[in-house]
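*Asks:* If it helps, the file is called input35.txt and holds compact mmCIF, C-alpha atoms and all ligand atoms:
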```
# COMPACT_ATOMS: atom_id res chain seq x y z
CA MET A 6 -21.26 -0.95 -3.72
CA ASN A 7 -17.60 -1.39 -4.63
CA THR A 8 -15.23 0.17 -2.15
CA VAL A 9 -13.30 3.16 -3.45
CA THR A 10 -10.73 4.78 -1.19
CA ARG A 11 -8.36 7.62 -1.90
CA PHE A 12 -5.12 8.97 -0.59
CA ALA A 13 -5.03 12.74 -1.04
CA PRO A 14 -1.65 14.27 -0.22
CA SER A 15 -0.83 17.90 -0.93
CA PRO A 16 2.43 18.08 -2.91
CA THR A 17 3.91 20.71 -0.64
CA GLY A 18 6.54 18.32 0.73
CA THR A 19 7.52 14.68 0.74
CA LEU A 20 5.42 12.07 2.51
CA HIS A 21 6.17 11.47 6.17
CA VAL A 22 5.40 8.40 8.21
CA GLY A 23 1.98 9.75 9.23
CA ASN A 24 0.89 10.25 5.59
CA ILE A 25 2.37 6.89 4.67
CA ARG A 26 0.27 5.24 7.36
CA THR A 27 -2.89 6.83 5.95
CA ALA A 28 -1.93 5.60 2.48
CA VAL A 29 -1.29 2.07 3.80
CA HIS A 30 -4.67 1.95 5.51
CA ASN A 31 -6.57 3.24 2.49
CA TRP A 32 -4.79 0.72 0.31
CA LEU A 33 -5.55 -2.14 2.71
CA LEU A 34 -9.20 -1.15 3.02
CA ALA A 35 -9.60 -1.19 -0.76
CA GLN A 36 -7.73 -4.51 -1.06
CA LYS A 37 -9.78 -6.15 1.65
CA ASN A 38 -13.00 -5.35 -0.17
CA GLY A 39 -11.72 -5.99 -3.67
CA GLY A 40 -12.14 -2.27 -4.35
CA ARG A 41 -10.03 0.51 -5.80
CA PHE A 42 -7.41 2.73 -4.22
CA LEU A 43 -7.00 6.13 -5.85
CA LEU A 44 -4.31 8.77 -5.58
CA ARG A 45 -5.51 12.34 -5.57
CA ILE A 46 -2.93 15.09 -5.74
CA ASP A 47 -4.36 18.02 -3.78
CA ASP A 48 -2.53 20.78 -5.59
CA THR A 49 -5.01 23.66 -5.48
CA ASP A 50 -2.42 25.69 -3.60
CA SER A 51 -0.31 26.54 -6.61
CA ALA A 52 2.09 28.69 -4.62
CA ARG A 53 3.16 25.83 -2.34
CA SER A 54 2.67 22.81 -4.61
CA ARG A 55 5.75 21.58 -6.46
CA GLU A 56 6.07 19.11 -9.31
CA GLU A 57 9.09 17.47 -7.71
CA TYR A 58 6.92 16.55 -4.72
CA VAL A 59 4.25 15.07 -6.99
CA GLU A 60 6.95 12.86 -8.47
CA ALA A 61 8.36 12.01 -5.06
CA ILE A 62 4.90 10.99 -3.82
CA ARG A 63 4.42 8.67 -6.79
CA ALA A 64 7.90 7.20 -6.33
CA ASP A 65 7.35 6.66 -2.61
CA LEU A 66 4.05 4.87 -3.20
CA ALA A 67 5.73 2.70 -5.85
CA TRP A 68 8.55 1.83 -3.44
CA LEU A 69 5.98 0.92 -0.80
CA GLY A 70 4.16 -1.26 -3.34
CA LEU A 71 0.95 0.73 -2.89
CA HIS A 72 0.02 1.04 -6.54
CA PRO A 73 -2.93 3.34 -7.13
CA ASP A 74 -5.72 2.15 -9.41
CA GLY A 75 -6.09 5.69 -10.69
CA GLU A 76 -4.74 9.20 -10.21
CA GLU A 77 -6.40 12.59 -10.31
CA ARG A 78 -5.01 16.00 -9.68
CA GLN A 79 -7.02 18.89 -8.48
CA SER A 80 -5.32 21.50 -10.65
CA ALA A 81 -6.76 19.68 -13.69
CA ARG A 82 -10.30 19.69 -12.33
CA LEU A 83 -11.04 23.38 -11.95
CA ALA A 84 -13.94 23.29 -14.42
CA LEU A 85 -15.65 20.70 -12.25
CA TYR A 86 -15.30 22.92 -9.17
CA GLU A 87 -16.63 25.92 -11.07
CA GLU A 88 -19.71 24.00 -12.11
CA ALA A 89 -20.47 22.73 -8.57
CA PHE A 90 -19.79 26.19 -7.20
CA GLU A 91 -22.36 27.68 -9.57
CA ARG A 92 -24.93 25.16 -8.35
CA LEU A 93 -24.24 26.06 -4.74
CA ARG A 94 -24.38 29.73 -5.60
CA ALA A 95 -27.75 29.33 -7.33
CA ALA A 96 -28.98 27.48 -4.24
CA GLY A 97 -27.75 30.27 -1.94
CA ARG A 98 -25.22 28.00 -0.20
CA VAL A 99 -22.17 30.20 -0.85
CA TYR A 100 -21.84 33.89 -0.15
CA ARG A 101 -19.48 36.78 -0.71
CA CYS A 102 -17.36 38.23 2.08
CA TYR A 103 -14.79 41.02 2.26
CA GLU A 104 -13.30 40.94 5.74
CA THR A 105 -9.53 41.13 5.87
CA ALA A 106 -7.50 38.74 7.98
CA GLN A 107 -6.96 41.52 10.52
CA GLU A 108 -10.68 42.26 10.77
CA LEU A 109 -11.46 38.59 11.28
CA ASP A 110 -8.79 38.35 13.91
CA LEU A 111 -10.29 41.30 15.74
CA LYS A 112 -13.78 39.75 15.57
CA ARG A 113 -12.41 36.53 17.04
CA LYS A 114 -10.75 38.38 19.88
CA VAL A 115 -13.90 40.33 20.65
CA ALA A 116 -15.98 37.13 20.70
CA LEU A 117 -13.49 35.39 22.96
CA GLY A 118 -13.39 38.44 25.21
CA ARG A 119 -17.14 38.16 25.64
CA GLY A 120 -16.84 34.47 26.42
CA LEU A 121 -18.40 33.51 23.08
CA PRO A 122 -17.11 30.88 20.65
CA PRO A 123 -14.93 32.55 17.98
CA VAL A 124 -17.41 31.83 15.21
CA TYR A 125 -17.73 34.02 12.12
CA ASP A 126 -20.71 36.34 12.67
CA ARG A 127 -22.05 36.21 9.11
CA ALA A 128 -21.93 40.01 8.86
CA ALA A 129 -21.41 39.73 5.09
CA LEU A 130 -24.77 38.00 4.69
CA LYS A 131 -26.40 41.35 5.48
CA LEU A 132 -24.76 43.12 2.56
CA THR A 133 -27.17 44.27 -0.15
CA GLU A 134 -26.58 44.05 -3.89
CA ALA A 135 -25.84 47.77 -3.78
CA ASP A 136 -23.15 47.12 -1.15
CA HIS A 137 -21.57 44.46 -3.35
CA ALA A 138 -21.70 46.78 -6.34
CA ALA A 139 -19.99 49.50 -4.34
CA LYS A 140 -17.26 47.06 -3.26
CA ALA A 141 -16.77 45.99 -6.86
CA ALA A 142 -16.59 49.62 -7.99
CA ALA A 143 -13.93 50.20 -5.33
CA GLY A 144 -11.96 47.27 -6.77
CA GLU A 145 -12.64 44.95 -3.83
CA ALA A 146 -13.09 41.33 -4.88
CA PRO A 147 -14.96 38.99 -2.52
CA HIS A 148 -13.86 35.72 -1.05
CA TRP A 149 -16.53 33.07 -0.60
CA ARG A 150 -17.91 31.17 2.35
CA PHE A 151 -20.09 28.08 2.45
CA LEU A 152 -23.33 28.71 4.35
CA LEU A 153 -23.72 26.01 6.98
CA ASP A 154 -27.23 24.81 7.69
CA HIS A 155 -27.85 25.50 11.38
CA ASP A 156 -31.11 23.59 11.59
CA GLU A 157 -29.91 20.21 12.71
CA PRO A 158 -26.86 18.72 14.37
CA ILE A 159 -24.38 17.07 12.03
CA ARG A 160 -24.03 13.36 12.77
CA TRP A 161 -22.09 10.45 11.41
CA ASP A 162 -21.02 7.05 12.59
CA ASP A 163 -17.26 7.20 12.43
CA GLY A 164 -15.49 3.96 11.51
CA VAL A 165 -12.99 4.45 14.33
CA ARG A 166 -14.55 6.97 16.73
CA GLY A 167 -18.16 5.75 16.69
CA PRO A 168 -21.16 8.12 16.68
CA GLN A 169 -20.19 11.77 16.21
CA LYS A 170 -22.31 14.86 16.68
CA PHE A 171 -21.49 18.50 15.90
CA ASP A 172 -23.58 21.63 16.35
CA PRO A 173 -23.18 23.67 13.15
CA ALA A 174 -24.12 26.86 15.01
CA GLN A 175 -20.83 26.51 16.88
CA MET A 176 -18.88 26.35 13.62
CA SER A 177 -17.75 29.14 11.28
CA ASP A 178 -19.01 29.08 7.72
CA PRO A 179 -15.79 27.97 6.03
CA VAL A 180 -14.03 30.10 3.46
CA ILE A 181 -13.97 27.97 0.34
CA ARG A 182 -12.60 30.32 -2.26
CA ARG A 183 -10.14 33.18 -2.15
CA ALA A 184 -10.65 36.60 -3.68
CA ASP A 185 -8.33 35.66 -6.56
CA GLY A 186 -10.66 32.76 -7.41
CA SER A 187 -8.35 30.04 -6.09
CA TRP A 188 -9.76 27.22 -3.95
CA LEU A 189 -9.23 26.21 -0.39
CA TYR A 190 -9.09 22.51 0.41
CA MET A 191 -12.58 21.95 1.79
CA LEU A 192 -15.01 22.09 -1.16
CA PRO A 193 -12.87 20.68 -4.01
CA SER A 194 -12.22 17.62 -1.85
CA VAL A 195 -15.97 16.97 -1.57
CA ILE A 196 -16.57 17.59 -5.28
CA ASP A 197 -13.78 15.15 -6.10
CA ASP A 198 -14.92 12.51 -3.64
CA ILE A 199 -18.33 12.61 -5.34
CA ALA A 200 -16.92 12.56 -8.88
CA MET A 201 -14.41 9.82 -8.07
CA GLY A 202 -17.09 7.67 -6.45
CA VAL A 203 -15.21 7.53 -3.15
CA THR A 204 -17.10 5.31 -0.70
CA ASP A 205 -14.73 5.54 2.27
CA VAL A 206 -12.76 8.50 3.54
CA LEU A 207 -10.14 7.29 5.98
CA ARG A 208 -7.82 9.96 7.33
CA GLY A 209 -6.26 11.42 10.45
CA GLU A 210 -8.30 12.74 13.35
CA ASP A 211 -7.03 16.25 12.61
CA HIS A 212 -9.77 16.22 9.93
CA VAL A 213 -12.72 15.44 12.24
CA SER A 214 -14.11 18.98 12.26
CA ASN A 215 -13.56 19.26 8.48
CA THR A 216 -15.74 16.19 8.14
CA ALA A 217 -18.60 17.92 9.97
CA THR A 218 -18.43 20.74 7.42
CA GLN A 219 -17.91 18.46 4.46
CA ILE A 220 -20.94 16.32 5.32
CA GLN A 221 -23.08 19.41 4.79
CA MET A 222 -21.32 20.02 1.47
CA PHE A 223 -22.14 16.49 0.27
CA THR A 224 -25.77 17.07 1.20
CA ALA A 225 -25.81 20.48 -0.48
CA LEU A 226 -24.53 18.75 -3.63
CA ASP A 227 -27.33 16.17 -3.38
CA THR A 228 -25.04 13.27 -2.56
CA ALA A 229 -25.02 10.90 0.38
CA PRO A 230 -21.73 11.34 2.25
CA PRO A 231 -19.20 8.48 2.15
CA HIS A 232 -18.26 6.49 5.26
CA PHE A 233 -15.85 8.45 7.35
CA ALA A 234 -13.21 7.10 9.68
CA HIS A 235 -10.58 9.11 11.53
CA GLU A 236 -7.59 7.41 12.98
CA ALA A 237 -5.69 8.63 16.01
CA LEU A 238 -2.46 10.40 15.13
CA LEU A 239 1.01 8.92 15.32
CA VAL A 240 3.34 9.94 18.08
CA GLY A 241 7.03 9.26 18.58
CA SER A 242 8.15 6.42 20.81
CA GLU A 243 8.64 8.95 23.60
CA GLY A 244 4.88 9.52 23.47
CA LYS A 245 4.99 13.06 22.14
CA LEU A 246 3.89 14.43 18.82
CA SER A 247 7.44 14.64 17.65
CA LYS A 248 8.84 16.95 15.05
CA ARG A 249 11.05 14.10 14.02
CA LEU A 250 8.12 12.05 12.70
CA GLY A 251 7.30 14.91 10.36
CA SER A 252 10.66 14.57 8.65
CA LEU A 253 10.79 10.80 8.66
CA GLY A 254 9.95 9.62 5.16
CA VAL A 255 10.82 6.98 2.61
CA ALA A 256 14.27 8.46 1.95
CA ALA A 257 15.25 8.13 5.60
CA PHE A 258 13.88 4.61 5.84
CA ARG A 259 15.70 3.47 2.71
CA GLU A 260 18.92 4.96 3.97
CA ARG A 261 18.54 2.90 7.12
CA GLY A 262 17.96 -0.30 5.21
CA ILE A 263 14.28 -0.54 6.07
CA GLU A 264 12.37 -2.70 3.61
CA PRO A 265 8.94 -1.54 2.42
CA GLN A 266 7.44 -4.79 3.73
CA ALA A 267 8.55 -3.90 7.25
CA LEU A 268 7.10 -0.41 7.13
CA VAL A 269 3.80 -1.65 5.72
CA ALA A 270 3.54 -4.50 8.22
CA LEU A 271 4.19 -2.14 11.13
CA LEU A 272 1.92 0.68 9.99
CA ALA A 273 -0.89 -1.73 9.08
CA ARG A 274 -1.39 -2.69 12.70
CA LEU A 275 0.21 0.00 14.81
CA GLY A 276 -2.40 1.51 17.11
CA THR A 277 -4.80 -1.40 16.60
CA SER A 278 -5.57 -4.25 18.98
CA GLN A 279 -3.98 -6.69 16.51
CA PRO A 280 -0.39 -7.78 17.10
CA VAL A 281 2.33 -6.22 14.96
CA GLU A 282 3.94 -9.20 13.25
CA ALA A 283 6.52 -9.86 10.54
CA ILE A 284 3.89 -10.45 7.86
CA ALA A 285 5.28 -10.01 4.35
CA ASP A 286 2.13 -11.20 2.62
CA ARG A 287 -0.02 -8.15 1.87
CA ALA A 288 -3.06 -10.37 1.31
CA VAL A 289 -2.88 -11.43 4.96
CA LEU A 290 -2.59 -7.82 6.10
CA ALA A 291 -5.56 -6.87 3.93
CA GLU A 292 -7.77 -9.76 5.05
CA THR A 293 -7.16 -8.97 8.70
CA PHE A 294 -7.46 -5.19 8.32
CA ASN A 295 -10.33 -4.07 10.50
CA LEU A 296 -11.19 -0.51 11.48
CA SER A 297 -13.01 -1.68 14.59
CA THR A 298 -9.66 -2.80 16.03
CA PHE A 299 -8.27 0.75 15.84
CA GLY A 300 -7.76 2.41 19.19
CA ARG A 301 -8.60 5.98 20.08
CA ALA A 302 -5.26 6.64 21.75
CA PRO A 303 -2.37 7.97 19.65
CA ALA A 304 -0.31 5.20 18.07
CA ARG A 305 3.34 5.09 19.09
CA PHE A 306 5.81 4.81 16.29
CA ASP A 307 8.97 3.16 17.54
CA GLU A 308 11.94 3.03 15.18
CA GLU A 309 13.49 0.18 17.11
CA GLU A 310 10.36 -1.88 16.68
CA LEU A 311 10.55 -1.13 12.95
CA ALA A 312 14.21 -2.23 12.82
CA ARG A 313 13.38 -5.51 14.61
CA LEU A 314 10.48 -6.20 12.29
CA ASN A 315 12.70 -5.39 9.32
CA THR A 316 15.33 -7.90 10.41
CA ALA A 317 12.71 -10.58 11.06
CA LEU A 318 11.27 -10.07 7.58
CA ILE A 319 14.71 -10.17 5.93
CA HIS A 320 15.48 -13.46 7.70
CA ALA A 321 12.48 -14.97 5.92
CA MET A 322 13.04 -13.40 2.51
CA PRO A 323 13.34 -15.79 -0.41
CA TYR A 324 16.31 -15.36 -2.73
CA ALA A 325 14.11 -14.37 -5.66
CA ASP A 326 12.94 -11.28 -3.75
CA VAL A 327 16.43 -9.98 -3.09
CA ALA A 328 18.54 -11.40 -5.94
CA GLY A 329 18.72 -8.11 -7.84
CA ARG A 330 20.05 -6.29 -4.79
CA LEU A 331 22.81 -8.73 -3.84
CA PRO A 332 26.45 -8.43 -4.96
CA PRO A 333 27.24 -10.12 -8.29
CA GLY A 334 27.98 -13.81 -7.86
CA MET A 335 26.06 -14.17 -4.62
CA ASP A 336 23.77 -17.11 -5.34
CA GLU A 337 20.87 -18.67 -3.52
CA ALA A 338 23.04 -20.96 -1.36
CA ALA A 339 25.06 -17.93 -0.27
CA TRP A 340 21.94 -15.90 0.51
CA LEU A 341 20.44 -18.69 2.61
CA THR A 342 23.74 -19.08 4.50
CA ILE A 343 24.23 -15.39 5.13
CA ARG A 344 20.59 -14.34 5.61
CA PRO A 345 20.35 -15.21 9.32
CA ASN A 346 23.31 -12.89 10.03
CA VAL A 347 22.10 -9.72 8.38
CA ALA A 348 20.14 -6.99 10.12
CA VAL A 349 19.72 -4.95 6.93
CA LEU A 350 20.19 -6.20 3.40
CA ALA A 351 23.39 -4.18 2.91
CA ASP A 352 25.04 -6.42 5.52
CA ALA A 353 24.85 -9.26 3.00
CA ALA A 354 27.57 -7.58 0.93
CA ASP A 355 29.89 -7.48 3.96
CA TRP A 356 29.51 -11.20 4.56
CA TRP A 357 29.89 -11.86 0.85
CA ARG A 358 33.23 -10.02 0.90
CA ILE A 359 34.25 -12.41 3.66
CA VAL A 360 33.33 -15.34 1.44
CA THR A 361 35.25 -13.98 -1.55
CA GLY A 362 38.17 -12.65 0.53
CA PRO A 363 40.78 -11.61 1.19
CA VAL A 364 40.40 -11.72 4.97
CA ALA A 365 42.91 -10.41 7.47
CA ALA A 366 44.79 -13.07 9.38
CA PRO A 367 43.97 -13.08 13.12
CA VAL A 368 46.66 -12.61 15.74
CA LEU A 369 46.94 -15.96 17.51
CA GLY A 370 49.24 -17.75 19.90
CA GLU A 371 51.74 -20.40 18.87
CA ASP A 372 49.47 -23.31 19.86
CA ASP A 373 46.62 -22.07 17.76
CA ARG A 374 48.88 -21.40 14.83
CA ALA A 375 50.21 -24.95 14.96
CA PHE A 376 46.65 -26.17 15.15
CA LEU A 377 45.73 -24.18 12.06
CA ALA A 378 48.68 -25.57 10.13
CA GLN A 379 47.35 -29.01 10.98
CA ALA A 380 43.87 -27.90 9.89
CA ALA A 381 45.24 -26.77 6.52
CA ALA A 382 46.79 -30.19 6.00
CA THR A 383 43.61 -31.95 7.13
CA LEU A 384 41.57 -29.90 4.71
CA SER A 385 43.43 -31.51 1.81
CA ASP A 386 41.64 -34.72 2.72
CA SER A 387 38.35 -33.45 4.06
CA GLY A 388 37.70 -30.85 1.37
CA ALA A 389 35.25 -28.08 2.17
CA ASP A 390 33.26 -30.37 4.45
CA TRP A 391 33.08 -28.74 7.87
CA ALA A 392 31.87 -31.83 9.73
CA ALA A 393 34.62 -33.96 8.21
CA LEU A 394 37.27 -31.31 8.87
CA THR A 395 36.35 -30.63 12.48
CA GLY A 396 35.70 -34.33 13.18
CA ALA A 397 39.18 -35.27 11.98
CA LEU A 398 40.79 -32.37 13.87
CA LYS A 399 38.97 -33.23 17.06
CA GLU A 400 40.19 -36.78 16.90
CA ALA A 401 43.76 -35.83 16.02
CA THR A 402 44.19 -32.98 18.55
CA GLY A 403 41.72 -33.67 21.36
CA ARG A 404 40.47 -30.09 20.97
CA LYS A 405 36.75 -29.53 21.33
CA GLY A 406 34.21 -26.72 21.71
CA LYS A 407 35.57 -23.22 21.48
CA ALA A 408 39.20 -24.32 21.32
CA LEU A 409 38.38 -26.35 18.25
CA PHE A 410 35.99 -24.02 16.43
CA LEU A 411 37.06 -20.46 17.24
CA PRO A 412 40.59 -20.47 15.72
CA LEU A 413 39.13 -22.02 12.57
CA ARG A 414 36.39 -19.42 12.31
CA LEU A 415 38.88 -16.59 12.97
CA ALA A 416 41.28 -17.87 10.33
CA LEU A 417 38.57 -18.51 7.75
CA THR A 418 36.47 -15.37 8.22
CA GLY A 419 38.53 -12.89 10.24
CA ARG A 420 35.62 -12.65 12.68
CA ASP A 421 34.65 -14.42 15.86
CA HIS A 422 31.00 -14.85 14.92
CA GLY A 423 28.93 -15.22 11.79
CA PRO A 424 27.02 -17.58 9.57
CA ASP A 425 26.98 -21.31 10.11
CA MET A 426 30.46 -22.60 9.17
CA ALA A 427 29.07 -25.81 7.66
CA SER A 428 27.32 -23.71 5.02
CA LEU A 429 29.99 -21.02 4.79
CA LEU A 430 32.98 -23.27 4.18
CA PRO A 431 31.72 -24.68 0.84
CA LEU A 432 31.06 -21.10 -0.29
CA ILE A 433 34.66 -20.14 0.51
CA GLY A 434 35.85 -23.30 -1.24
CA ALA A 435 38.57 -25.76 -0.24
CA ASP A 436 41.54 -24.05 -1.94
CA GLU A 437 40.81 -20.59 -0.61
CA ALA A 438 40.06 -22.03 2.85
CA ARG A 439 43.39 -23.84 2.91
CA ALA A 440 45.18 -20.66 1.88
CA ARG A 441 43.51 -18.75 4.72
CA LEU A 442 44.40 -21.42 7.28
CA GLU A 443 48.02 -21.39 6.10
CA GLN A 444 48.13 -17.60 6.21
CA ALA A 445 46.82 -17.62 9.80
CA ALA A 446 49.31 -20.34 10.76
CA ARG A 447 52.18 -18.16 9.51
CA ALA A 448 50.99 -14.90 11.01
CA GLY A 449 51.83 -14.03 14.58
N1 LIG A 501 -4.90 17.18 1.10
C1 LIG A 501 -5.53 16.92 2.37
C2 LIG A 501 -4.45 16.71 3.39
O1 LIG A 501 -3.34 16.51 3.02
C3 LIG A 501 -6.42 15.71 2.24
C4 LIG A 501 -7.28 15.43 3.39
C5 LIG A 501 -8.31 14.38 3.05
O2 LIG A 501 -7.97 13.20 3.15
O3 LIG A 501 -9.40 14.74 2.67
O4 LIG A 501 -4.65 16.79 4.57
```
Can the structure in the file be given as structure tokens, please?
Ligand code: GLU
*Replies:*
Amino acid sequence: MNTVTRFAPSPTGTLHVGNIRTAVHNWLLAQKNGGRFLLRIDDTDSARSREEYVEAIRADLAWLGLHPDGEERQSARLALYEEAFERLRAAGRVYRCYETAQELDLKRKVALGRGLPPVYDRAALKLTEADHAAKAAAGEAPHWRFLLDHDEPIRWDDGVRGPQKFDPAQMSDPVIRRADGSWLYMLPSVIDDIAMGVTDVLRGEDHVSNTATQIQMFTALDTAPPHFAHEALLVGSEGKLSKRLGSLGVAAFRERGIEPQALVALLARLGTSQPVEAIADRAVLAETFNLSTFGRAPARFDEEELARLNTALIHAMPYADVAGRLPPGMDEAAWLTIRPNVAVLADAADWWRIVTGPVAAPVLGEDDRAFLAQAAATLSDSGADWAALTGALKEATGRKGKALFLPLRLALTGRDHGPDMASLLPLIGADEARARLEQAARAG
């Protein structure tokens, strides 16, 4: 069977790093098995869903390079839900209820007070047709619950957590449909997973108890449930479920100069027993993706680790991958010279400005200024050849090491550190370099 995974965000906000991680894993799982990765927009909650978030989700996935092989949206599939609902209704697997939120809350408190689990007591199941008719006559519309089968424990072999077992008698029959006819998440998700041919549901462990319920829904709809896997949640580097992670999304990463490759490489392996490495090649990440390496402990998301990985990936980036984002005129030789000195790609523009000039003349002592005047003269013979220039100067002046190199670097770049001068000098060019040496020799 061909693997089909899906990423099913609700467009009630932008994606945060936890959602992005789920998307990355579903994408990798599909890639590894030569399968398909689908995007499903869970927009049954029309009050909270917004079109701008749908667009932002698509744009974020595109930026991450996680291109879906198909997209569905729940708001366009209501007829499908209606049809499945009618089947469940005919089979007696859904039932009408009228309790208000306050009544349910009271029932829960009473149960807890008696030391019982706060499970819905199925009082509405006892209503007769006459009772329902009376409610209807009084203008009371029902909401609907799914009737759990209490006969047997619910079991599945979770891809991350191993064998799972739930006692349905300890669970409330879930409300699946509101009195106004709108849908809650639980049932439409199952109907869609069936219709979309989803073979693997990989999501956060906050969905484990939903899975127990949904397995019964698959069975009630005469379909074998997909494979389920629930990954441990992400926590901040300080080890706590941080609020901050909830607001950390693609916009924040882009602003910080994080490349999608870095985020994907980190999230692919964070919380697994495999090392997080600067792997730009998605095929390698997909081949090595393995649910059995996922740990049960929360995965720690460390922004400094991300920044380090980002820099390591940039240092290996070929020119073709970045050309469109470099300043005009910055060619491959310049990129390869500057690349080792950038932490984020935007730094390349700063170094490029140093190549193109002007640079501020450093404040130097008389000795150094005399030395630079000599360097300017020497450059007329050596040209933009760093080895020739410094070799000649060393011989003529007896300077070596820092005394030889630092005044030259300061005069040529205005900084005391930076890219390899042997590569940088030809980029600056002999005429401009001579002008900078002369300027530094005059300044004081
Ligand atoms: N829309 C649900 C959520 O955002 C999807 C959960 C699922 O993967 O089934 O949590």
*Asks:* Could you report the residues within 7 Å of ligand LIG 501 (chain A), using all atoms listed in the file, as a PyMOL selection string?
*Replies:* chain A and resi 12-15+47+190+194+206-208
*Asks:* For each of A:Ala237, A:Ala229, A:Ala438, A:Ala393, take the minimum atom-to-atom distance to Asp211 in chain A, counting all atoms listed in the file, then give the residue where this is smallest.
*Replies:*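 Ranking A:Ala237, A:Ala229, A:Ala438, A:Ala393 by distance to Asp211 in chain A, first place goes to A:Ala237.
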*Asks:* In Å, how far is it from CA of Glu145 in chain A to CA of Leu93 in chain A?
*Replies:*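 CA of Leu93 in chain A lies 22.2 Å from CA of Glu145 in chain A.
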*Asks:* Between CA of Ala291 in chain A and CA of Leu33 in chain A, measure the distance and give it in Å to one decimal.
*Replies:*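 So the answer is 4.9 Å.
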*Asks:* Applying 8 Å and all atoms listed in the file, which residues near range 195-202 of chain A remain after dropping the ones on its own chain fewer than 2 positions away? List them as a PDB file with C-alpha atoms, in the frame of the given file.
*Replies:*
```pdb
ATOM      1  CA  VAL A   9     -13.300   3.160  -3.450  1.00  0.00           C
ATOM      2  CA  LEU A  85     -15.650  20.700 -12.250  1.00  0.00           C
ATOM      3  CA  TYR A  86     -15.300  22.920  -9.170  1.00  0.00           C
ATOM      4  CA  ALA A  89     -20.470  22.730  -8.570  1.00  0.00           C
ATOM      5  CA  MET A 191     -12.580  21.950   1.790  1.00  0.00           C
ATOM      6  CA  LEU A 192     -15.010  22.090  -1.160  1.00  0.00           C
ATOM      7  CA  PRO A 193     -12.870  20.680  -4.010  1.00  0.00           C
ATOM      8  CA  THR A 204     -17.100   5.310  -0.700  1.00  0.00           C
ATOM      9  CA  GLN A 219     -17.910  18.460   4.460  1.00  0.00           C
ATOM     10  CA  MET A 222     -21.320  20.020   1.470  1.00  0.00           C
ATOM     11  CA  PHE A 223     -22.140  16.490   0.270  1.00  0.00           C
ATOM     12  CA  THR A 228     -25.040  13.270  -2.560  1.00  0.00           C
TER      13      THR A 228
END
```
*Asks:* Name the residues in contact with Tyr100 in chain A at a cut-off of 10 Å, using only C-alpha atoms, excluding same-chain residues fewer than 4 positions from it; report them as a list in words.
*Replies:* Leu93, Arg94, Arg127, Ala129, Leu130, Pro147, His148, Trp149, Arg150, Phe151, Leu152, Asp178, Val180 and Ile181 of chain A
*Asks:* Of the residues A:Ser252, A:Thr216, A:Gln36, A:Thr17, which is the one nearest to Leu290 in chain A, using only C-alpha atoms?
*Replies:*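 Of A:Ser252, A:Thr216, A:Gln36, A:Thr17, the one nearest Leu290 in chain A, counting only C-alpha atoms, is A:Gln36.
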*Asks:* Enclose range 119-125 of chain A, meaning all of its atoms listed in the file, in a box aligned along x, y and z, pad it by 4 Å on each side, and list the centre and edge lengths in Å to one decimal, as lines of an AutoDock Vina configuration file.
*Replies:*
```
center_x = -16.7
center_y = 34.5
center_z = 19.3
size_x = 11.5
size_y = 15.3
size_z = 22.3
```
*Asks:* Considering all atoms listed in the file, state which residue in the set A:Gly241, A:Ile220, A:Gly329, A:Leu442 is at the smallest distance from Ala382 in chain A.
*Replies:* A:Leu442
*Asks:* Rounded to one decimal place, report the CA of Val240 in chain A-CA of Asp50 in chain A distance in Å.
*Replies:*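 Computing it gives 27.4 Å between the two atoms.
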*Asks:* If we count all atoms listed in the file and set the cut-off at 9 Å, which residues sit around Glu264 in chain A, ignoring sequence neighbours fewer than 4 positions away in its own chain? Please answer as a list in words.
*Replies:*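 The neighbour list is Leu69, Phe258, Arg259, Leu268, Val269, Asn315, Leu318, Ile319, Val349 and Leu350 of chain A.
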*Asks:* Quick one: everything within 8 Å of Ala273 in chain A, counting all atoms listed in the file, minus sequence neighbours fewer than 2 positions away in the same chain. Send it as a PyMOL selection string.
*Replies:* chain A and resi 26+29-30+33+269-271+275+290+294
*Asks:* Around the point (-9.6, 6.0, -3.2) in the file's coordinates, collect all residues with an atom within 8 Å, using all atoms listed in the file, and return them as number ranges by chain.
*Replies:* A: 9-12, 31-32, 35, 41-45, 201, 203-206
*Asks:* For the selection you just gave me, I'd like the residues written to a file as a PDB file, keeping the file's coordinate frame, keeping C-alpha atoms.
*Replies:*
```pdb
ATOM      1  CA  VAL A   9     -13.300   3.160  -3.450  1.00  0.00           C
ATOM      2  CA  THR A  10     -10.730   4.780  -1.190  1.00  0.00           C
ATOM      3  CA  ARG A  11      -8.360   7.620  -1.900  1.00  0.00           C
ATOM      4  CA  PHE A  12      -5.120   8.970  -0.590  1.00  0.00           C
ATOM      5  CA  ASN A  31      -6.570   3.240   2.490  1.00  0.00           C
ATOM      6  CA  TRP A  32      -4.790   0.720   0.310  1.00  0.00           C
ATOM      7  CA  ALA A  35      -9.600  -1.190  -0.760  1.00  0.00           C
ATOM      8  CA  ARG A  41     -10.030   0.510  -5.800  1.00  0.00           C
ATOM      9  CA  PHE A  42      -7.410   2.730  -4.220  1.00  0.00           C
ATOM     10  CA  LEU A  43      -7.000   6.130  -5.850  1.00  0.00           C
ATOM     11  CA  LEU A  44      -4.310   8.770  -5.580  1.00  0.00           C
ATOM     12  CA  ARG A  45      -5.510  12.340  -5.570  1.00  0.00           C
ATOM     13  CA  MET A 201     -14.410   9.820  -8.070  1.00  0.00           C
ATOM     14  CA  VAL A 203     -15.210   7.530  -3.150  1.00  0.00           C
ATOM     15  CA  THR A 204     -17.100   5.310  -0.700  1.00  0.00           C
ATOM     16  CA  ASP A 205     -14.730   5.540   2.270  1.00  0.00           C
ATOM     17  CA  VAL A 206     -12.760   8.500   3.540  1.00  0.00           C
TER      18      VAL A 206
END
```
